[in-house]
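Data block for work-v6.txt (compact mmCIF, C-alpha atoms and all ligand atoms):
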# COMPACT_ATOMS: atom_id res chain seq x y z
CA MET A 1 -9.49 13.79 -24.99
CA LYS A 2 -12.19 14.72 -22.49
CA ILE A 3 -12.99 12.47 -19.55
CA ALA A 4 -16.57 12.35 -20.82
CA GLU A 5 -15.35 10.57 -23.97
CA LEU A 6 -13.63 7.70 -22.13
CA ASP A 7 -15.02 4.19 -22.40
CA THR A 8 -16.05 2.81 -19.04
CA PRO A 9 -15.39 1.41 -16.50
CA VAL A 10 -11.96 2.92 -16.17
CA LEU A 11 -9.75 4.27 -13.38
CA LEU A 12 -9.09 8.01 -13.16
CA VAL A 13 -6.15 9.49 -11.29
CA ASP A 14 -6.25 13.19 -10.49
CA GLU A 15 -2.56 13.97 -10.91
CA ALA A 16 -2.66 17.27 -9.02
CA ALA A 17 -4.28 15.61 -5.98
CA LEU A 18 -1.82 12.69 -6.19
CA ASP A 19 1.11 15.11 -6.29
CA ARG A 20 -0.27 17.01 -3.29
CA ASN A 21 -0.48 13.76 -1.30
CA ILE A 22 3.09 12.88 -2.23
CA ALA A 23 4.28 16.35 -1.24
CA ARG A 24 2.40 16.24 2.09
CA LEU A 25 4.01 12.98 3.16
CA LYS A 26 7.39 14.36 2.18
CA ASP A 27 6.76 17.44 4.38
CA MET A 28 5.47 15.34 7.30
CA THR A 29 8.43 12.95 7.24
CA GLU A 30 10.94 15.73 6.72
CA ALA A 31 9.57 17.62 9.74
CA ALA A 32 9.90 14.45 11.84
CA ASN A 33 13.31 13.63 10.39
CA ILE A 34 12.16 10.11 9.49
CA ALA A 35 12.63 8.54 6.08
CA TYR A 36 9.84 7.04 4.03
CA ARG A 37 9.80 3.99 1.82
CA PRO A 38 6.27 4.04 0.36
CA HIS A 39 4.44 0.79 -0.19
CA THR A 40 3.80 0.34 -3.92
CA LYS A 41 1.31 -2.49 -3.34
CA THR A 42 -1.24 0.35 -3.48
CA HIS A 43 -0.52 1.75 -6.94
CA LYS A 44 1.72 -0.92 -8.60
CA SER A 45 2.94 1.74 -11.01
CA VAL A 46 6.50 2.60 -12.01
CA VAL A 47 5.55 6.22 -12.82
CA ILE A 48 4.09 6.79 -9.36
CA ALA A 49 7.07 5.08 -7.68
CA GLU A 50 9.33 7.44 -9.64
CA LYS A 51 7.31 10.43 -8.44
CA GLN A 52 7.67 9.24 -4.83
CA ILE A 53 11.42 8.78 -5.20
CA ALA A 54 11.73 12.20 -6.84
CA ALA A 55 9.96 13.55 -3.74
CA GLY A 56 12.56 12.07 -1.42
CA ALA A 57 11.47 8.49 -0.77
CA ILE A 58 14.53 6.38 0.08
CA GLY A 59 13.24 3.49 -2.03
CA ILE A 60 10.00 1.54 -2.17
CA CYS A 61 8.29 -1.43 -0.57
CA CYS A 62 6.71 -4.27 -2.53
CA ALA A 63 4.40 -6.88 -1.04
CA LYS A 64 5.34 -9.62 -3.47
CA LEU A 65 8.43 -10.78 -5.31
CA GLY A 66 6.51 -10.45 -8.60
CA GLU A 67 5.91 -6.74 -7.90
CA ALA A 68 9.58 -6.26 -7.01
CA GLU A 69 10.64 -7.95 -10.27
CA VAL A 70 8.57 -5.46 -12.25
CA MET A 71 9.91 -2.47 -10.31
CA ALA A 72 13.53 -3.66 -10.54
CA ALA A 73 13.23 -4.33 -14.28
CA ASN A 74 12.02 -0.74 -14.69
CA GLY A 75 14.95 0.81 -12.89
CA ILE A 76 13.51 1.30 -9.40
CA ASP A 77 16.23 0.87 -6.79
CA LYS A 78 16.25 0.09 -3.04
CA ILE A 79 13.27 -2.22 -2.85
CA LEU A 80 12.15 -3.87 0.38
CA ILE A 81 9.94 -6.93 -0.04
CA THR A 82 7.74 -6.84 3.05
CA THR A 83 6.54 -10.45 2.79
CA ALA A 84 8.79 -13.47 3.20
CA VAL A 85 10.07 -15.02 -0.04
CA VAL A 86 10.01 -18.78 0.46
CA GLY A 87 11.27 -21.76 -1.57
CA GLU A 88 14.10 -22.39 -3.99
CA SER A 89 12.37 -21.18 -7.12
CA LYS A 90 11.29 -17.85 -5.66
CA ILE A 91 14.58 -17.17 -3.88
CA SER A 92 16.42 -17.83 -7.15
CA ARG A 93 14.11 -15.31 -8.84
CA LEU A 94 14.82 -12.88 -6.00
CA MET A 95 18.56 -13.16 -6.56
CA GLN A 96 18.03 -12.69 -10.29
CA ALA A 97 16.09 -9.45 -9.64
CA ARG A 98 18.82 -8.50 -7.16
CA THR A 99 21.18 -8.19 -10.14
CA GLN A 100 19.07 -5.26 -11.38
CA SER A 101 18.37 -3.41 -8.16
CA HIS A 102 19.23 -3.39 -4.47
CA ILE A 103 16.55 -5.61 -2.95
CA SER A 104 16.13 -6.55 0.69
CA VAL A 105 13.64 -9.00 2.12
CA VAL A 106 12.01 -9.86 5.43
CA ALA A 107 12.21 -13.29 7.05
CA ASP A 108 10.79 -14.91 10.18
CA ASN A 109 11.93 -18.52 9.82
CA GLU A 110 15.24 -20.30 10.36
CA ASP A 111 14.99 -22.66 7.35
CA ASN A 112 14.03 -19.77 5.11
CA ILE A 113 17.06 -17.80 6.32
CA ALA A 114 19.33 -20.79 5.60
CA MET A 115 17.95 -21.08 2.06
CA LEU A 116 18.24 -17.33 1.45
CA GLY A 117 21.89 -17.64 2.51
CA SER A 118 22.76 -20.63 0.36
CA ILE A 119 21.09 -19.24 -2.78
CA ALA A 120 22.71 -15.83 -2.18
CA GLN A 121 26.05 -17.66 -2.01
CA LEU A 122 25.33 -19.58 -5.24
CA SER A 123 24.52 -16.32 -6.97
CA GLY A 124 27.64 -14.67 -5.58
CA MET A 125 25.74 -11.66 -4.18
CA LYS A 126 25.10 -10.72 -0.58
CA LEU A 127 21.47 -10.23 0.44
CA ASP A 128 20.10 -7.82 3.06
CA VAL A 129 17.56 -9.47 5.37
CA LEU A 130 15.27 -7.87 7.96
CA ILE A 131 13.60 -9.91 10.64
CA GLU A 132 9.85 -9.48 10.70
CA VAL A 133 8.38 -9.08 14.19
CA ASP A 134 4.71 -9.59 15.02
CA ILE A 135 3.84 -6.43 16.93
CA GLY A 136 0.10 -7.10 17.00
CA GLN A 137 -1.01 -8.11 13.52
CA ALA A 138 -1.11 -11.84 14.44
CA ARG A 139 -0.06 -12.70 10.90
CA SER A 140 3.55 -13.45 10.04
CA GLY A 141 6.54 -12.37 12.10
CA VAL A 142 8.32 -13.80 15.13
CA PRO A 143 7.04 -12.88 18.57
CA PRO A 144 8.65 -9.71 19.95
CA GLY A 145 11.75 -10.17 22.10
CA PRO A 146 14.64 -12.62 22.09
CA GLU A 147 13.47 -14.88 19.20
CA ALA A 148 13.93 -12.01 16.75
CA ALA A 149 17.42 -11.45 18.14
CA ARG A 150 18.23 -15.15 17.69
CA LEU A 151 17.18 -15.05 14.00
CA ALA A 152 18.98 -11.75 13.50
CA ARG A 153 22.14 -13.41 14.83
CA LEU A 154 21.70 -16.30 12.33
CA VAL A 155 21.47 -13.75 9.52
CA LYS A 156 24.44 -11.79 10.77
CA ASN A 157 26.59 -14.91 11.12
CA HIS A 158 25.88 -16.03 7.56
CA GLY A 159 28.63 -14.86 5.28
CA TRP A 160 26.24 -14.16 2.39
CA LEU A 161 23.53 -12.35 4.35
CA ASN A 162 23.50 -8.93 6.02
CA PHE A 163 21.29 -8.27 9.01
CA ALA A 164 19.68 -5.00 7.93
CA GLY A 165 17.09 -4.41 10.66
CA LEU A 166 13.57 -5.18 11.89
CA GLN A 167 10.11 -4.80 10.39
CA GLY A 168 7.03 -4.38 12.60
CA TYR A 169 3.76 -3.55 10.84
CA GLN A 170 0.22 -3.56 12.18
CA GLY A 171 -2.34 -3.52 9.37
CA ARG A 172 -5.29 -4.22 11.66
CA ILE A 173 -5.21 -0.82 13.30
CA GLN A 174 -4.58 1.39 10.27
CA MET A 175 -8.29 2.11 9.84
CA THR A 176 -9.37 2.22 13.47
CA VAL A 177 -11.80 5.12 13.24
CA ASP A 178 -11.12 6.73 16.61
CA ALA A 179 -7.77 8.53 16.43
CA ASP A 180 -6.99 8.17 20.17
CA GLU A 181 -7.75 4.46 20.07
CA ARG A 182 -5.54 4.11 17.00
CA ARG A 183 -2.70 6.02 18.63
CA SER A 184 -2.90 3.90 21.76
CA ALA A 185 -2.92 0.58 19.83
CA ASN A 186 0.02 1.85 17.78
CA GLU A 187 1.98 2.73 20.93
CA THR A 188 1.39 -0.79 22.26
CA GLY A 189 2.77 -2.28 19.03
CA LEU A 190 5.73 0.06 18.90
CA ASP A 191 6.53 -0.78 22.54
CA LYS A 192 6.87 -4.40 21.40
CA LEU A 193 9.19 -3.36 18.61
CA ALA A 194 11.22 -1.24 21.04
CA ALA A 195 11.60 -4.25 23.36
CA THR A 196 12.77 -6.33 20.40
CA ILE A 197 15.30 -3.70 19.35
CA ALA A 198 16.58 -3.67 22.95
CA ALA A 199 16.88 -7.49 22.94
CA ALA A 200 18.84 -7.39 19.69
CA GLU A 201 21.13 -4.61 20.90
CA LYS A 202 21.77 -6.56 24.10
CA GLU A 203 23.11 -9.32 21.83
CA GLY A 204 25.44 -6.81 20.24
CA LEU A 205 23.37 -6.45 17.05
CA ASN A 206 22.96 -3.10 15.37
CA VAL A 207 19.34 -2.55 14.24
CA VAL A 208 19.99 -0.01 11.51
CA ILE A 209 16.57 -0.15 9.79
CA ARG A 210 13.35 -0.09 11.86
CA THR A 211 10.58 -0.16 9.32
CA GLY A 212 6.78 -0.29 9.50
CA GLY A 213 3.73 1.92 9.73
CA GLY A 214 0.98 2.78 7.28
CA THR A 215 -1.17 5.73 6.31
CA GLY A 216 -3.47 5.51 9.34
CA THR A 217 -0.69 5.39 11.91
CA SER A 218 1.64 7.78 10.08
CA PRO A 219 1.07 10.82 12.39
CA PHE A 220 1.71 8.64 15.45
CA ASP A 221 4.70 6.83 13.96
CA LEU A 222 6.25 10.19 13.11
CA ASP A 223 5.56 11.55 16.63
CA ARG A 224 7.04 8.53 18.36
CA GLY A 225 10.28 8.49 16.40
CA LEU A 226 11.11 4.81 16.94
CA LEU A 227 10.94 3.83 13.27
CA THR A 228 13.72 4.97 10.96
CA GLU A 229 11.34 4.82 7.97
CA ILE A 230 7.60 4.48 7.38
CA GLN A 231 5.90 2.32 4.75
CA THR A 232 2.74 4.34 3.97
CA GLY A 233 0.96 3.11 0.85
CA SER A 234 -2.65 4.25 0.57
CA TYR A 235 -1.86 7.93 1.17
CA VAL A 236 -1.28 8.46 -2.57
CA PHE A 237 -4.91 7.68 -3.42
CA MET A 238 -6.86 7.34 -0.18
CA ASP A 239 -10.24 5.58 -0.44
CA SER A 240 -13.62 5.81 1.24
CA ARG A 241 -12.57 3.67 4.24
CA TYR A 242 -9.49 5.78 4.86
CA ALA A 243 -11.38 9.04 4.31
CA GLY A 244 -13.76 7.99 7.11
CA ILE A 245 -11.23 7.68 9.93
CA GLY A 246 -10.51 10.35 12.53
CA TRP A 247 -7.23 12.25 12.58
CA PRO A 248 -5.42 13.74 15.56
CA GLY A 249 -6.95 16.93 16.96
CA ALA A 250 -10.15 16.27 14.93
CA ASN A 251 -8.29 17.60 11.89
CA ALA A 252 -9.20 16.66 8.33
CA PRO A 253 -7.04 13.85 6.88
CA PRO A 254 -3.72 15.18 5.59
CA PHE A 255 -4.33 13.29 2.33
CA GLU A 256 -7.11 13.57 -0.25
CA ASN A 257 -8.89 11.22 -2.61
CA SER A 258 -7.11 11.13 -5.98
CA LEU A 259 -8.55 7.92 -7.43
CA HIS A 260 -11.97 7.35 -8.96
CA ILE A 261 -13.75 4.72 -11.00
CA TRP A 262 -15.44 6.30 -14.04
CA ALA A 263 -18.60 4.36 -14.86
CA ALA A 264 -21.65 4.76 -17.11
CA VAL A 265 -25.37 4.20 -16.76
CA VAL A 266 -26.38 1.33 -19.07
CA SER A 267 -29.98 0.89 -18.05
CA LYS A 268 -32.70 2.73 -16.12
CA PRO A 269 -35.61 0.31 -16.10
CA VAL A 270 -37.55 2.31 -13.50
CA PRO A 271 -37.06 5.90 -12.24
CA ASP A 272 -35.71 4.90 -8.85
CA ARG A 273 -33.04 2.47 -10.17
CA ALA A 274 -30.12 3.17 -12.50
CA ILE A 275 -27.79 0.36 -13.56
CA ILE A 276 -24.13 1.11 -14.19
CA ASP A 277 -21.39 -0.90 -15.89
CA ALA A 278 -19.25 -1.28 -12.76
CA GLY A 279 -19.78 -4.29 -10.53
CA LEU A 280 -17.48 -6.65 -8.67
CA LYS A 281 -14.99 -6.75 -11.56
CA ALA A 282 -14.58 -2.97 -11.52
CA ALA A 283 -14.82 -2.08 -7.81
CA SER A 284 -13.42 -4.38 -5.13
CA ASN A 285 -15.78 -5.14 -2.26
CA ASP A 286 -13.46 -6.38 0.51
CA HIS A 287 -14.06 -3.05 2.29
CA GLY A 288 -17.68 -2.71 1.22
CA PRO A 289 -19.26 -0.88 -1.72
CA PRO A 290 -17.71 2.21 -3.35
CA LEU A 291 -19.22 5.64 -2.74
CA VAL A 292 -20.98 7.62 -5.43
CA ALA A 293 -19.16 10.93 -5.79
CA ASP A 294 -20.92 14.15 -6.82
CA ILE A 295 -24.54 12.96 -6.30
CA ASP A 296 -25.69 13.49 -2.71
CA GLY A 297 -27.82 10.70 -1.34
CA CYS A 298 -27.06 8.28 -4.20
CA VAL A 299 -26.12 4.81 -3.02
CA PHE A 300 -24.26 2.01 -4.84
CA GLU A 301 -25.18 -1.63 -4.42
CA TYR A 302 -23.39 -4.51 -6.17
CA GLY A 303 -25.58 -5.96 -8.91
CA GLY A 304 -23.20 -8.81 -9.79
CA ASP A 305 -19.88 -9.12 -11.60
CA GLU A 306 -20.61 -6.52 -14.27
CA HIS A 307 -23.39 -4.38 -12.81
CA GLY A 308 -23.82 -1.78 -10.11
CA ILE A 309 -27.24 -0.63 -8.91
CA LEU A 310 -27.76 3.02 -7.99
CA CYS A 311 -30.67 4.15 -5.85
CA MET A 312 -31.44 7.26 -3.84
CA ALA A 313 -31.34 6.84 -0.07
CA ASP A 314 -34.75 8.61 0.13
CA GLY A 315 -36.28 6.29 -2.49
CA GLY A 316 -36.67 9.11 -5.05
CA GLU A 317 -35.78 9.17 -8.74
CA VAL A 318 -32.10 8.69 -9.57
CA PRO A 319 -30.97 11.90 -11.38
CA LEU A 320 -29.18 10.04 -14.19
CA GLU A 321 -30.14 8.79 -17.64
CA VAL A 322 -28.77 5.97 -19.81
CA GLY A 323 -25.40 7.07 -21.19
CA ASP A 324 -24.61 9.42 -18.29
CA LYS A 325 -21.23 8.91 -16.66
CA LEU A 326 -20.26 9.31 -13.02
CA ARG A 327 -17.40 8.92 -10.55
CA LEU A 328 -17.21 6.33 -7.78
CA ILE A 329 -14.77 6.49 -4.87
CA PRO A 330 -13.28 3.01 -4.30
CA SER A 331 -13.71 1.56 -0.82
CA HIS A 332 -10.25 -0.04 -1.01
CA CYS A 333 -7.71 1.41 -3.42
CA ASP A 334 -5.20 -1.52 -3.45
CA THR A 335 -7.65 -4.23 -4.45
CA THR A 336 -9.55 -1.99 -6.88
CA VAL A 337 -6.35 -0.96 -8.68
CA ASN A 338 -5.50 -4.64 -9.12
CA LEU A 339 -8.57 -4.98 -11.38
CA TYR A 340 -7.24 -2.58 -14.04
CA ASP A 341 -4.36 -2.36 -16.54
CA GLN A 342 -4.10 1.44 -16.76
CA TYR A 343 -4.71 4.73 -15.03
CA MET A 344 -6.26 7.54 -17.05
CA VAL A 345 -4.48 10.59 -15.72
CA VAL A 346 -6.79 13.57 -15.53
CA GLN A 347 -6.65 17.30 -14.96
CA ASP A 348 -10.03 18.98 -14.61
CA ASP A 349 -12.10 17.58 -17.52
CA ASP A 350 -9.15 16.44 -19.63
CA VAL A 351 -7.28 13.16 -19.95
CA VAL A 352 -3.63 14.20 -20.01
CA ASP A 353 -1.79 10.88 -19.84
CA VAL A 354 -2.10 7.11 -19.48
CA TRP A 355 0.01 5.23 -16.95
CA SER A 356 0.40 1.48 -16.91
CA ILE A 357 -0.43 -0.43 -13.72
CA ASP A 358 2.77 -2.34 -14.28
CA ALA A 359 2.67 -4.78 -11.36
CA ARG A 360 -1.04 -5.47 -11.57
CA GLY A 361 -1.75 -9.13 -10.79
CA ARG A 362 1.88 -9.92 -9.90
CA VAL A 363 0.90 -11.92 -6.85
CA GLN A 364 3.58 -14.62 -7.12
C1 LIG B 401 3.71 -4.49 5.38
C2 LIG B 401 2.90 -3.31 4.97
N1 LIG B 401 3.43 -2.08 5.12
C3 LIG B 401 2.75 -0.97 4.76
C4 LIG B 401 1.48 -1.05 4.23
C5 LIG B 401 0.80 0.23 3.79
O1 LIG B 401 -0.31 0.51 4.53
P1 LIG B 401 -1.35 1.65 4.07
O2 LIG B 401 -1.84 1.29 2.73
O3 LIG B 401 -2.40 1.57 5.11
O4 LIG B 401 -0.60 2.92 4.08
C6 LIG B 401 0.89 -2.31 4.06
C7 LIG B 401 -0.49 -2.40 3.54
O5 LIG B 401 -1.15 -3.39 3.56
C8 LIG B 401 1.62 -3.46 4.44
O6 LIG B 401 1.09 -4.69 4.30

What's the structure tokens form of this structure?
Ligand SMILES: Cc1ncc(COP(=O)(O)O)c(C=O)c1O
Amino acid sequence: MKIAELDTPVLLVDEAALDRNIARLKDMTEAANIAYRPHTKTHKSVVIAEKQIAAGAIGICCAKLGEAEVMAANGIDKILITTAVVGESKISRLMQARTQSHISVVADNEDNIAMLGSIAQLSGMKLDVLIEVDIGQARSGVPPGPEAARLARLVKNHGWLNFAGLQGYQGRIQMTVDADERRSANETGLDKLAATIAAAEKEGLNVVIRTGGGTGTSPFDLDRGLLTEIQTGSYVFMDSRYAGIGWPGANAPPFENSLHIWAAVVSKPVPDRAIIDAGLKAASNDHGPPLVADIDGCVFEYGGDEHGILCMADGGEVPLEVGDKLRLIPSHCDTTVNLYDQYMVVQDDDVVDVWSIDARGRVQ
């Protein structure tokens, strides 16, 4: 089938570009001698996770237990859940998924650690726990320093838990446009993680895993060498926000856009306005509107849930007619992917495969 024949709106993945991104991260991490455990919250797809593992990833990250359940049920091993799993029902589900795959989880709370331990004991399986440290995100995570060491000690002393290491992730700075500013903010965060590692080691704890980092900080995380593994997610697809940030030495980003929304013009009531079938339900807007690929000067504006409005920045006629199809570059890949069930895998003008977005909507 040709791309032109696809019903719209639909997500296109350029497999060659995706594979190049996966290969580039492999090369970058190999050169730095640091492992990578890519975050699958971006793509939510078993096929893409398998590609990453085939390219040397030591496992994967999931944001939610529901995502981890899907990955574990499909044979993906060595999963780190990067968000705390809280409450009896969810921890029981976690231990159930743990029967299918090695799963570790972060924690930042004493009661949560106690419950993880008692449910691990009930299930008769030890659970690896990492302590999450707030290194600047001001979200979850204990403050850097001795509190993390105290919780790590609680984990270590529990017969059914293993203290596996520390997680420190700063999402806020991943898209800081200025590369020097981003590097400096990243150093400040990693200094906090280093101080926490020192506090834990002073207590006689061995911090085997030091995990964190994203696509935007990846060059700096790899230079610094404090983390034992990085959690880059968006690098597989990139998006318009990520494409717009600066990279060290004013270089082009090491990763390229491999994800598009394929949409169609459904109305052109006047020459300077074309209406397409992709609105808020087809292109997430938490990072602003998507970009129109391939048509210079053409601008997308949300026209509601089901509609997008295309105009030319210079006010001229939009060079599209009803029935024409076009590509949009999502502004945020993670939240856009979560709107779809499938990727149409493309090579040049052809659709060569269909991949399921297996963990789509698994927010519990
Ligand atoms: C804990 C954690 N690690 C890693 C990532 C991946 O970051 P990025 O998509 O910027 O590579 C995220 C993304 O939100 C995250 O929340």

Check: Which residues, written as a PyMOL selection string, have at least one atom at most 8 Å from stretch 193-203 of chain A, with all atoms listed in the file counted and residues fewer than 2 positions away on the same chain left out?
Finding: chain A and resi 133+135+144-146+148-149+152+166+168+189-191+205-207+226

May I have the residues from that selection written out with C-alpha atoms, as a short mmCIF file (atom, residue, chain, number, x, y, z; two decimals), in the frame of the given file?
data_model
loop_
_atom_site.label_atom_id
_atom_site.label_comp_id
_atom_site.auth_asym_id
_atom_site.auth_seq_id
_atom_site.Cartn_x
_atom_site.Cartn_y
_atom_site.Cartn_z
CA VAL A 133 8.38 -9.08 14.19
CA ILE A 135 3.84 -6.43 16.93
CA PRO A 144 8.65 -9.71 19.95
CA GLY A 145 11.75 -10.17 22.10
CA PRO A 146 14.64 -12.62 22.09
CA ALA A 148 13.93 -12.01 16.75
CA ALA A 149 17.42 -11.45 18.14
CA ALA A 152 18.98 -11.75 13.50
CA LEU A 166 13.57 -5.18 11.89
CA GLY A 168 7.03 -4.38 12.60
CA GLY A 189 2.77 -2.28 19.03
CA LEU A 190 5.73 0.06 18.90
CA ASP A 191 6.53 -0.78 22.54
CA LEU A 205 23.37 -6.45 17.05
CA ASN A 206 22.96 -3.10 15.37
CA VAL A 207 19.34 -2.55 14.24
CA LEU A 226 11.11 4.81 16.94
#

Checklist line | Atomic separation - atom CA of A:Asn33 relative to atom CA of A:Arg182, Å | finding: 22.1 Å

Note to self: Can you measure atom CA of A:Gly244 to atom CA of A:Val177 for me? One decimal in Å is fine.
What the structure shows: 7.0 Å

At most 7 Å from ligand LIG 401 (chain B) (only C-alpha atoms and all ligand atoms): residue list as a short mmCIF file (atom, residue, chain, number, x, y, z; two decimals) with C-alpha atoms, keeping the file's coordinate frame:
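Now in result-v8.cif:
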data_model
loop_
_atom_site.label_atom_id
_atom_site.label_comp_id
_atom_site.auth_asym_id
_atom_site.auth_seq_id
_atom_site.Cartn_x
_atom_site.Cartn_y
_atom_site.Cartn_z
CA HIS A 39 4.44 0.79 -0.19
CA THR A 42 -1.24 0.35 -3.48
CA ALA A 63 4.40 -6.88 -1.04
CA THR A 82 7.74 -6.84 3.05
CA TYR A 169 3.76 -3.55 10.84
CA GLY A 171 -2.34 -3.52 9.37
CA GLN A 174 -4.58 1.39 10.27
CA GLY A 212 6.78 -0.29 9.50
CA GLY A 213 3.73 1.92 9.73
CA GLY A 214 0.98 2.78 7.28
CA THR A 215 -1.17 5.73 6.31
CA GLY A 216 -3.47 5.51 9.34
CA GLN A 231 5.90 2.32 4.75
CA THR A 232 2.74 4.34 3.97
CA GLY A 233 0.96 3.11 0.85
CA SER A 234 -2.65 4.25 0.57
CA TYR A 235 -1.86 7.93 1.17
#

Margin query: Quick one: residues within 8 Å of stretch 328-343 of chain A, all atoms listed in the file, excluding same-chain residues fewer than 5 positions away - as a PyMOL selection string?
Written below: chain A and resi 10-13+41-43+234+237-241+257+259-263+281-293+354-358+360-361

Note to self: Could you tell me how far atom CA of A:Ala84 sits from atom CA of A:Arg139, in Å to one decimal place?
What the structure shows: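 Going from atom CA of A:Arg139 over to atom CA of A:Ala84, I get 11.8 Å.
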
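Distance annotation: of A:Val265, A:Ala185, A:Met125, A:Leu161, the residue with the minimal separation from A:Gln137 is A:Ala185; atom set is all atoms listed in the file.
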